[in-house]
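Undergrad: File upload_15.txt below, compact mmCIF, C-alpha atoms (C1' of nucleotides):
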```txt
# COMPACT_ATOMS: atom_id res chain seq x y z
CA MET A 2 57.81 98.57 84.79
CA ARG A 3 57.23 99.06 88.51
CA ILE A 4 59.81 96.95 90.28
CA ALA A 5 60.45 96.55 93.98
CA PHE A 6 64.15 95.86 94.51
CA LEU A 7 65.09 94.04 97.68
CA GLY A 8 68.83 94.00 98.29
CA THR A 9 71.38 95.21 100.76
CA PRO A 10 75.12 94.74 100.18
CA ASP A 11 77.57 95.37 97.35
CA PHE A 12 76.59 92.17 95.59
CA ALA A 13 73.23 93.75 94.78
CA ILE A 14 74.70 96.96 93.37
CA PRO A 15 75.29 95.93 89.73
CA SER A 16 71.80 94.43 89.48
CA PHE A 17 70.25 97.50 91.02
CA GLN A 18 72.27 99.77 88.74
CA MET A 19 71.15 97.77 85.71
CA LEU A 20 67.49 98.25 86.64
CA ILE A 21 68.10 101.95 87.11
CA ASP A 22 69.79 102.20 83.71
CA GLU A 23 66.87 100.43 82.08
CA GLY A 24 64.59 103.15 83.33
CA HIS A 25 62.29 101.08 85.51
CA GLU A 26 60.10 102.66 88.13
CA LEU A 27 61.89 101.49 91.24
CA ALA A 28 61.60 101.37 94.99
CA LEU A 29 64.28 99.95 97.27
CA PHE A 30 63.47 97.77 100.26
CA THR A 31 66.49 97.10 102.42
CA ASN A 32 67.78 96.62 105.94
CA PRO A 33 67.97 99.48 108.44
CA ASP A 34 71.24 101.42 108.75
CA ARG A 35 73.71 99.52 110.89
CA PRO A 36 76.48 100.62 113.24
CA LYS A 37 79.75 100.10 111.40
CA GLY A 38 83.43 100.75 111.76
CA ARG A 39 85.53 101.43 114.83
CA HIS A 40 83.26 104.02 116.36
CA GLY A 41 80.01 102.36 115.47
CA ALA A 42 78.66 105.13 113.28
CA LEU A 43 75.33 104.28 111.67
CA THR A 44 75.99 103.47 108.03
CA PRO A 45 73.41 103.04 105.29
CA PRO A 46 73.57 99.88 103.17
CA PRO A 47 75.29 100.33 99.76
CA THR A 48 72.04 99.93 97.90
CA LYS A 49 70.49 102.76 99.89
CA GLU A 50 73.29 105.11 98.94
CA LEU A 51 72.79 104.30 95.27
CA ALA A 52 69.05 104.75 95.59
CA CYS A 53 69.46 108.15 97.20
CA LYS A 54 71.74 109.29 94.41
CA HIS A 55 68.99 108.54 91.91
CA GLY A 56 66.08 109.80 93.97
CA ILE A 57 64.61 106.33 94.35
CA PRO A 58 62.34 105.86 97.36
CA VAL A 59 63.88 103.75 100.13
CA PHE A 60 62.05 101.63 102.69
CA GLN A 61 64.00 100.05 105.51
CA PHE A 62 62.64 97.20 107.59
CA GLU A 63 64.25 94.82 110.02
CA LYS A 64 61.74 92.24 108.86
CA ILE A 65 59.76 92.96 105.74
CA ARG A 66 57.49 90.00 106.44
CA LEU A 67 55.97 91.83 109.40
CA PRO A 68 52.75 93.83 108.78
CA GLU A 69 54.55 97.18 108.37
CA GLY A 70 56.74 95.83 105.62
CA VAL A 71 53.94 94.04 103.89
CA SER A 72 51.79 97.14 103.77
CA ALA A 73 54.65 99.31 102.51
CA LEU A 74 55.32 96.81 99.77
CA ARG A 75 51.65 96.61 98.93
CA ALA A 76 51.40 100.38 98.84
CA PHE A 77 54.15 100.55 96.22
CA ALA A 78 52.20 97.95 94.22
CA PRO A 79 55.10 96.54 92.19
CA GLU A 80 54.45 94.52 89.07
CA LEU A 81 57.64 92.58 89.71
CA MET A 82 59.90 92.02 92.69
CA VAL A 83 63.63 91.39 92.47
CA THR A 84 65.84 90.21 95.31
CA ALA A 85 69.63 90.07 95.39
CA ALA A 86 71.48 89.20 98.57
CA PHE A 87 68.63 90.63 100.56
CA GLY A 88 69.44 88.82 103.75
CA GLN A 89 65.86 88.42 104.86
CA ILE A 90 63.37 85.62 104.44
CA LEU A 91 60.22 86.64 102.59
CA SER A 92 56.78 85.50 103.60
CA GLN A 93 54.21 84.11 101.21
CA GLU A 94 52.28 87.30 101.85
CA ASN A 95 55.25 89.30 100.52
CA LEU A 96 55.62 87.05 97.53
CA ASP A 97 51.95 87.26 96.56
CA ILE A 98 52.06 91.03 96.10
CA PRO A 99 53.67 91.43 92.64
CA PRO A 100 51.56 89.87 89.85
CA LEU A 101 54.64 88.87 87.90
CA GLY A 102 56.22 87.24 90.92
CA CYS A 103 59.65 87.56 92.43
CA ILE A 104 63.03 86.88 90.85
CA ASN A 105 66.10 86.16 92.97
CA VAL A 106 69.72 86.48 91.86
CA HIS A 107 71.92 83.96 93.63
CA GLY A 108 75.72 83.62 93.60
CA SER A 109 76.01 79.92 92.90
CA LEU A 110 74.87 77.24 90.51
CA LEU A 111 71.71 76.14 92.22
CA PRO A 112 70.75 73.75 93.67
CA LYS A 113 74.32 73.73 95.00
CA TYR A 114 75.24 76.23 97.69
CA ARG A 115 71.86 77.40 98.80
CA GLY A 116 72.12 79.88 101.63
CA ALA A 117 73.99 82.88 102.86
CA ALA A 118 77.61 82.66 101.70
CA PRO A 119 77.74 80.60 98.51
CA ILE A 120 80.66 82.47 96.99
CA GLN A 121 83.00 82.05 99.93
CA TRP A 122 82.09 78.42 100.46
CA ALA A 123 82.61 77.55 96.81
CA ILE A 124 86.20 78.76 97.14
CA ILE A 125 86.79 77.29 100.59
CA ASN A 126 85.63 73.92 99.25
CA GLY A 127 88.01 74.16 96.32
CA GLU A 128 85.35 74.29 93.59
CA GLN A 129 86.73 74.96 90.13
CA VAL A 130 83.48 76.19 88.67
CA THR A 131 80.67 78.30 90.03
CA GLY A 132 78.24 80.81 88.62
CA VAL A 133 75.05 82.75 89.08
CA THR A 134 71.45 81.60 88.97
CA THR A 135 68.17 83.41 88.64
CA MET A 136 65.15 81.74 90.14
CA LEU A 137 61.56 82.31 91.12
CA THR A 138 61.57 83.07 94.81
CA GLU A 139 59.62 80.79 97.09
CA ALA A 140 59.12 80.94 100.81
CA GLY A 141 61.91 78.40 101.33
CA LEU A 142 65.66 79.10 101.39
CA ASP A 143 66.75 79.37 97.75
CA THR A 144 64.45 76.53 96.76
CA GLY A 145 62.46 78.08 93.94
CA PRO A 146 62.39 76.96 90.31
CA ILE A 147 65.46 77.88 88.29
CA LEU A 148 65.09 80.36 85.45
CA LEU A 149 68.57 80.92 84.01
CA LYS A 150 72.11 79.92 84.97
CA ARG A 151 75.54 81.12 83.93
CA GLU A 152 78.80 79.33 84.75
CA THR A 153 82.28 80.69 85.31
CA PRO A 154 85.58 79.03 86.24
CA ILE A 155 87.24 79.90 89.54
CA ASP A 156 90.94 80.65 89.27
CA GLU A 157 93.07 78.66 91.70
CA ASN A 158 94.25 81.88 93.32
CA GLU A 159 91.04 83.88 93.13
CA THR A 160 89.82 85.42 96.37
CA ALA A 161 86.23 85.56 97.53
CA GLY A 162 86.33 89.33 97.12
CA ALA A 163 87.38 89.12 93.49
CA LEU A 164 84.85 86.39 92.73
CA PHE A 165 82.19 88.41 94.51
CA ASP A 166 82.75 91.32 92.17
CA ARG A 167 82.67 89.12 89.08
CA LEU A 168 79.53 87.26 90.09
CA ALA A 169 77.74 90.48 91.02
CA ILE A 170 78.29 91.74 87.48
CA MET A 171 77.39 88.40 85.93
CA GLY A 172 74.30 88.36 88.10
CA ALA A 173 73.21 91.74 86.81
CA ALA A 174 73.57 90.61 83.20
CA LEU A 175 71.70 87.40 83.93
CA LEU A 176 68.94 89.34 85.66
CA GLN A 177 68.61 91.55 82.61
CA GLU A 178 68.23 88.51 80.37
CA THR A 179 65.81 86.92 82.79
CA ILE A 180 63.51 89.91 82.90
CA ALA A 181 63.60 90.22 79.11
CA ALA A 182 62.71 86.54 78.76
CA LEU A 183 59.98 86.87 81.36
CA LEU A 184 58.37 89.69 79.41
CA ALA A 185 58.78 87.74 76.17
CA GLY A 186 57.16 84.75 77.81
CA THR A 187 60.02 82.43 76.94
CA LEU A 188 61.07 81.44 80.47
CA LYS A 189 60.71 77.81 81.44
CA PRO A 190 61.10 77.49 85.21
CA GLN A 191 62.83 74.23 86.12
CA PRO A 192 62.20 72.78 89.59
CA GLN A 193 65.44 72.23 91.48
CA ASN A 194 66.78 68.72 91.89
CA GLU A 195 66.43 68.30 95.63
CA ASN A 196 68.84 65.37 95.66
CA ALA A 197 71.66 67.56 94.35
CA ALA A 198 70.92 70.41 96.74
CA THR A 199 73.50 71.57 99.27
CA LYS A 200 73.23 74.30 101.87
CA CYS A 201 75.97 76.55 103.13
CA THR A 202 76.08 78.33 106.45
CA MET A 203 77.00 81.91 107.15
CA ILE A 204 80.67 82.81 107.37
CA LYS A 205 81.67 83.63 110.91
CA LYS A 206 84.86 85.12 112.26
CA GLU A 207 85.84 81.68 113.47
CA THR A 208 85.54 80.28 109.95
CA GLY A 209 88.81 82.04 109.20
CA ARG A 210 90.88 80.06 111.70
CA VAL A 211 93.57 78.16 109.85
CA ASP A 212 94.18 74.51 110.63
CA PHE A 213 97.69 73.64 109.47
CA THR A 214 97.11 69.92 109.98
CA LYS A 215 95.07 70.07 106.79
CA PRO A 216 96.72 69.75 103.38
CA ALA A 217 98.30 72.86 101.90
CA LYS A 218 95.59 73.10 99.25
CA ARG A 219 92.81 73.17 101.85
CA VAL A 220 94.57 75.91 103.78
CA HIS A 221 95.17 77.87 100.59
CA ASP A 222 91.49 77.57 99.64
CA LEU A 223 90.41 78.73 103.09
CA VAL A 224 92.71 81.75 103.05
CA ARG A 225 91.39 83.01 99.72
CA GLY A 226 87.80 81.97 100.53
CA VAL A 227 87.66 84.24 103.59
CA SER A 228 89.55 87.11 101.94
CA PRO A 229 88.90 89.96 102.42
CA TRP A 230 86.30 89.10 105.04
CA PRO A 231 86.66 87.92 107.75
CA GLY A 232 90.27 87.08 106.91
CA ALA A 233 92.24 83.95 107.80
CA TYR A 234 94.26 83.86 110.97
CA ALA A 235 96.49 81.66 113.10
CA GLU A 236 98.27 82.00 116.43
CA MET A 237 102.01 82.46 116.75
CA GLU A 238 103.50 82.79 120.24
CA GLY A 239 100.25 84.06 121.67
CA GLU A 240 99.65 86.62 118.97
CA THR A 241 97.00 86.47 116.28
CA VAL A 242 98.55 86.71 112.86
CA LYS A 243 96.28 87.24 109.89
CA LEU A 244 97.16 85.39 106.72
CA TRP A 245 96.08 87.28 103.64
CA GLN A 246 97.65 85.48 100.75
CA THR A 247 99.27 82.11 100.23
CA ARG A 248 100.80 80.21 97.36
CA ARG A 249 101.06 76.48 96.82
CA THR A 250 104.57 75.09 96.33
CA GLU A 251 106.37 71.94 95.32
CA ARG A 252 108.88 72.25 98.14
CA THR A 253 109.74 69.18 100.18
CA GLU A 254 111.36 70.44 103.37
CA ARG A 255 109.98 68.64 106.38
CA GLY A 256 109.15 70.15 109.72
CA GLU A 257 106.68 70.01 112.52
CA ILE A 258 103.16 70.91 111.41
CA GLY A 259 102.71 74.67 111.50
CA ALA A 260 106.47 75.29 111.57
CA CYS A 261 108.11 77.99 109.49
CA VAL A 262 110.54 75.70 107.71
CA ILE A 263 111.95 78.55 105.67
CA ALA A 264 111.61 82.14 106.83
CA ASN A 265 113.95 84.79 105.53
CA PRO A 266 113.53 88.01 103.58
CA ARG A 267 115.21 86.59 100.52
CA GLU A 268 113.28 83.37 99.99
CA GLY A 269 110.06 84.16 101.81
CA LEU A 270 107.94 82.34 104.37
CA PHE A 271 107.20 78.64 104.00
CA VAL A 272 105.08 76.69 106.46
CA GLN A 273 104.70 72.94 106.92
CA THR A 274 101.10 71.77 106.61
CA GLY A 275 99.57 68.34 107.12
CA GLU A 276 100.41 67.72 103.49
CA GLY A 277 102.92 69.84 101.64
CA ILE A 278 104.63 73.16 102.17
CA LEU A 279 102.59 76.34 101.81
CA GLU A 280 104.14 79.71 101.10
CA ILE A 281 102.63 82.65 102.93
CA THR A 282 103.07 85.70 100.75
CA GLU A 283 101.06 88.33 102.59
CA LEU A 284 100.25 88.60 106.29
CA GLN A 285 99.50 91.01 109.11
CA PHE A 286 100.74 91.29 112.67
CA PRO A 287 98.71 92.81 115.53
CA GLY A 288 98.66 96.58 115.26
CA GLY A 289 100.21 96.51 111.82
CA LYS A 290 98.99 96.72 108.30
CA ARG A 291 98.89 93.81 105.94
CA MET A 292 102.23 93.46 104.21
CA ALA A 293 104.28 91.20 102.02
CA ALA A 294 105.74 88.32 104.01
CA LYS A 295 109.25 89.11 102.80
CA ALA A 296 108.92 92.61 104.24
CA ALA A 297 107.47 91.31 107.49
CA LEU A 298 110.43 88.98 107.92
CA LEU A 299 112.84 91.93 108.06
CA GLY A 300 111.56 92.88 111.47
CA HIS A 301 109.88 89.65 112.61
CA PRO A 302 112.23 86.66 112.72
CA MET A 303 110.07 83.58 112.18
CA GLN A 304 112.49 80.82 111.25
CA GLY A 305 111.47 77.67 113.12
CA LYS A 306 108.56 79.29 114.94
CA LEU A 307 105.18 77.59 115.02
CA PHE A 308 101.74 78.57 113.82
CA SER A 309 98.89 76.98 115.71
C1' C B 12 83.19 109.67 123.47
C1' G B 13 82.70 100.64 123.17
C1' C B 14 87.87 97.88 124.33
C1' G B 15 92.89 97.56 122.86
C1' G B 16 97.68 97.86 119.74
C1' G B 17 100.63 101.18 116.81
C1' G B 18 103.08 105.77 114.10
C1' U B 19 111.54 105.87 114.77
C1' A B 20 116.21 105.99 107.53
C1' G B 21 113.12 103.93 101.07
C1' A B 22 110.84 99.00 103.61
C1' G B 23 110.18 95.93 108.17
C1' C B 24 111.48 96.42 113.33
C1' A B 25 114.50 97.43 118.29
C1' G B 26 115.33 101.42 121.54
C1' U B 27 116.03 98.82 128.97
C1' U B 28 115.67 103.33 135.29
C1' G B 29 115.25 110.29 130.48
C1' G B 30 121.95 111.09 128.86
C1' U B 31 125.89 110.83 121.32
C1' A B 32 119.27 107.10 117.56
C1' G B 33 120.41 101.25 116.38
C1' C B 34 119.29 96.26 113.63
C1' U B 35 117.86 93.57 109.05
C1' C B 36 116.81 94.44 103.89
C1' G B 37 117.31 97.92 100.08
C1' U B 38 120.47 101.86 98.06
C1' C B 39 125.59 104.01 96.72
C1' G B 40 130.99 102.99 96.56
C1' G B 41 134.95 99.43 97.09
C1' G B 42 136.80 94.33 97.78
C1' C B 43 136.73 88.85 97.41
C1' U B 44 135.23 84.97 93.88
C1' C B 45 135.11 81.01 87.76
C1' A B 46 130.56 83.06 89.48
C1' U B 47 126.39 84.76 92.56
C1' A B 48 120.37 86.82 94.87
C1' A B 49 126.51 84.54 98.64
C1' C B 50 130.54 86.82 101.67
C1' C B 51 133.81 91.15 103.54
C1' C B 52 134.72 96.63 104.13
C1' G B 53 132.91 101.50 103.84
C1' G B 54 129.21 105.62 102.77
C1' A B 55 124.67 108.20 102.19
C1' G B 56 120.01 108.47 104.15
C1' G B 57 115.93 110.33 110.48
C1' U B 58 112.96 117.89 112.89
C1' C B 59 111.77 109.71 116.16
C1' G B 60 103.25 111.48 113.26
C1' G B 61 102.02 117.04 114.80
C1' G B 62 101.63 120.80 118.82
C1' G B 63 102.40 122.29 123.84
C1' G B 64 104.55 121.22 128.80
C1' U B 65 108.22 119.29 132.72
C1' U B 66 113.79 119.07 132.72
C1' C B 67 120.57 120.93 132.53
C1' A B 68 118.86 117.11 129.03
C1' A B 69 112.82 113.99 126.03
C1' G B 70 112.12 108.80 120.89
C1' U B 71 111.62 107.90 126.27
C1' C B 72 107.59 111.48 131.35
C1' C B 73 102.60 114.72 131.24
C1' C B 74 98.40 117.12 128.23
C1' C B 75 95.95 117.98 123.36
C1' C B 76 95.34 116.77 118.12
C1' C B 77 95.96 113.83 113.43
C1' C B 78 96.55 109.11 111.03
C1' C B 79 96.88 103.50 110.79
C1' C B 80 95.42 98.64 112.72
C1' G B 81 93.00 94.49 115.69
C1' C B 82 88.67 93.10 118.65
C1' A B 83 83.64 93.98 119.61
C1' A B 84 79.14 95.42 116.87
```
Take the structure in the file and give it back as structure tokens.
TA:
Amino acid sequence: MRIAFLGTPDFAIPSFQMLIDEGHELALFTNPDRPKGRHGALTPPPTKELACKHGIPVFQFEKIRLPEGVSALRAFAPELMVTAAFGQILSQENLDIPPLGCINVHGSLLPKYRGAAPIQWAIINGEQVTGVTTMLTEAGLDTGPILLKRETPIDENETAGALFDRLAIMGAALLQETIAALLAGTLKPQPQNENAATKCTMIKKETGRVDFTKPAKRVHDLVRGVSPWPGAYAEMEGETVKLWQTRRTERTERGEIGACVIANPREGLFVQTGEGILEITELQFPGGKRMAAKAALLGHPMQGKLFS
RNA sequence: CGCGGGGUAGAGCAGUUGGUAGCUCGUCGGGCUCAUAACCCGGAGGUCGGGGGUUCAAGUCCCCCCCCCGCAA
């Protein structure tokens, strides 16, 4: 089948790979190369690299809904369109091109967590279950009728990065099922329940700022929800310290909020939160690499110091 | 050539105006103790990222290169 695949980051890779393995006649539509890294070298999106390896034609547009994009899409004349973490809003004109319509793979259980960063927000909000959804794409933001859904539990220590990888693979499998069902004519699109819908915003750098006045669980959820990007951080004596991994504890020491109530290489690093003591197990000082807290404490005395 | 912080013992760090390279942990040996991840004593372990230069003398000052990290994108 002729399929136009619209996707950009790593999340889209397993789905794209699946379509390649199934032998479809593909074209990739993705974002332009972006400056990346410390020296701002132009870097192609992950999906583009995969496409190039397989000799799949690549079309890059800042906005595919503009006339250029529309005509390129029309020229490819796909029977079906698939989007996965595309990062662009499609116009009705785009959507009308493929006769079989457009399927989107989304990293949440719609209608919850519509929007750009559903995986991170599910963890930050302390959800215990999430999943992937396939849907018929509409012009709105993740509002189209639901095709198939698959749930998965979130481990209490799982990071966004780990969940990302799992959901990307689940998404690919669900997409495979969805396309098979579409061709078999057994799909029954279900309109989303608007009353249950929630939207999530994009993750910004600032989202990673830790607020120790919150309960230990909320801090823990934030730390793993923004790991590995953009990473959680707090200030200590004017320096930005990144917090990479935390662990909830039953400890009962009391101290000022943000204080390192226990901080030695033997026991580890324990910080007073608004509710409970949180252990920080992995962190990173300016100029340094991320390291185990117990190692960091050998050269960075922190007993009694304050995070803010 | 976007801005900045770093590379010193196995690990994490300190090293002031150039003048015998230190600290904590680990490691090895010994001691103390009912006992210990606790405590005491002692030992091993470093071409101070690499190269060149200045100097009687360079971890430290100057130039070049490599690698790591944060910010900004």
Undergrad: Could you tell me which of A:Pro231, A:Gly24, A:Pro36, A:Gly132 comes closest to chain B if we count all atoms listed in the file?
TA: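 Going through A:Pro231, A:Gly24, A:Pro36, A:Gly132 one by one, the smallest distance to chain B is for A:Pro36.
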Undergrad: What residues in chain A lie within 8 Å of chain B, counting only C-alpha atoms (C1' of nucleotides), written as a list in words?
TA: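 So the residues of chain A near chain B are Pro36, Lys37, His40, Gly41, Pro266, Arg267, Pro287, Gly288, Gly289, Lys290, Ala296, Ala297, Leu298, Leu299, Gly300 and His301 of chain A.
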Undergrad: Quick one: residues within 10 Å of Ile147 of chain A, only C-alpha atoms (C1' of nucleotides), excluding same-chain residues fewer than 2 positions away - as a ChimeraX atom specification?
TA: /A:104-105,110-112,134-138,143-145,149-150,188-194
Undergrad: Tell me, in Å to one decimal, how far atom CA of Thr153 of chain A is from atom CA of Ala13 of chain A.
TA: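 Between these atoms lies a distance of 18.5 Å.
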Undergrad: Show me as a PDB file with C-alpha atoms (C1' of nucleotides), keeping the file's coordinate frame the residues that reach within 10 Å of (106.4, 112.1, 117.3), counting all atoms listed in the file and using the file's own coordinates.
TA:
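Written output follows (point.pdb):
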```pdb
ATOM      1  C1'   G B  18     103.080 105.770 114.100  1.00  0.00           C
ATOM      2  C1'   U B  19     111.540 105.870 114.770  1.00  0.00           C
ATOM      3  C1'   U B  58     112.960 117.890 112.890  1.00  0.00           C
ATOM      4  C1'   C B  59     111.770 109.710 116.160  1.00  0.00           C
ATOM      5  C1'   G B  60     103.250 111.480 113.260  1.00  0.00           C
ATOM      6  C1'   G B  61     102.020 117.040 114.800  1.00  0.00           C
ATOM      7  C1'   G B  70     112.120 108.800 120.890  1.00  0.00           C
TER       8        G B  70
END
```
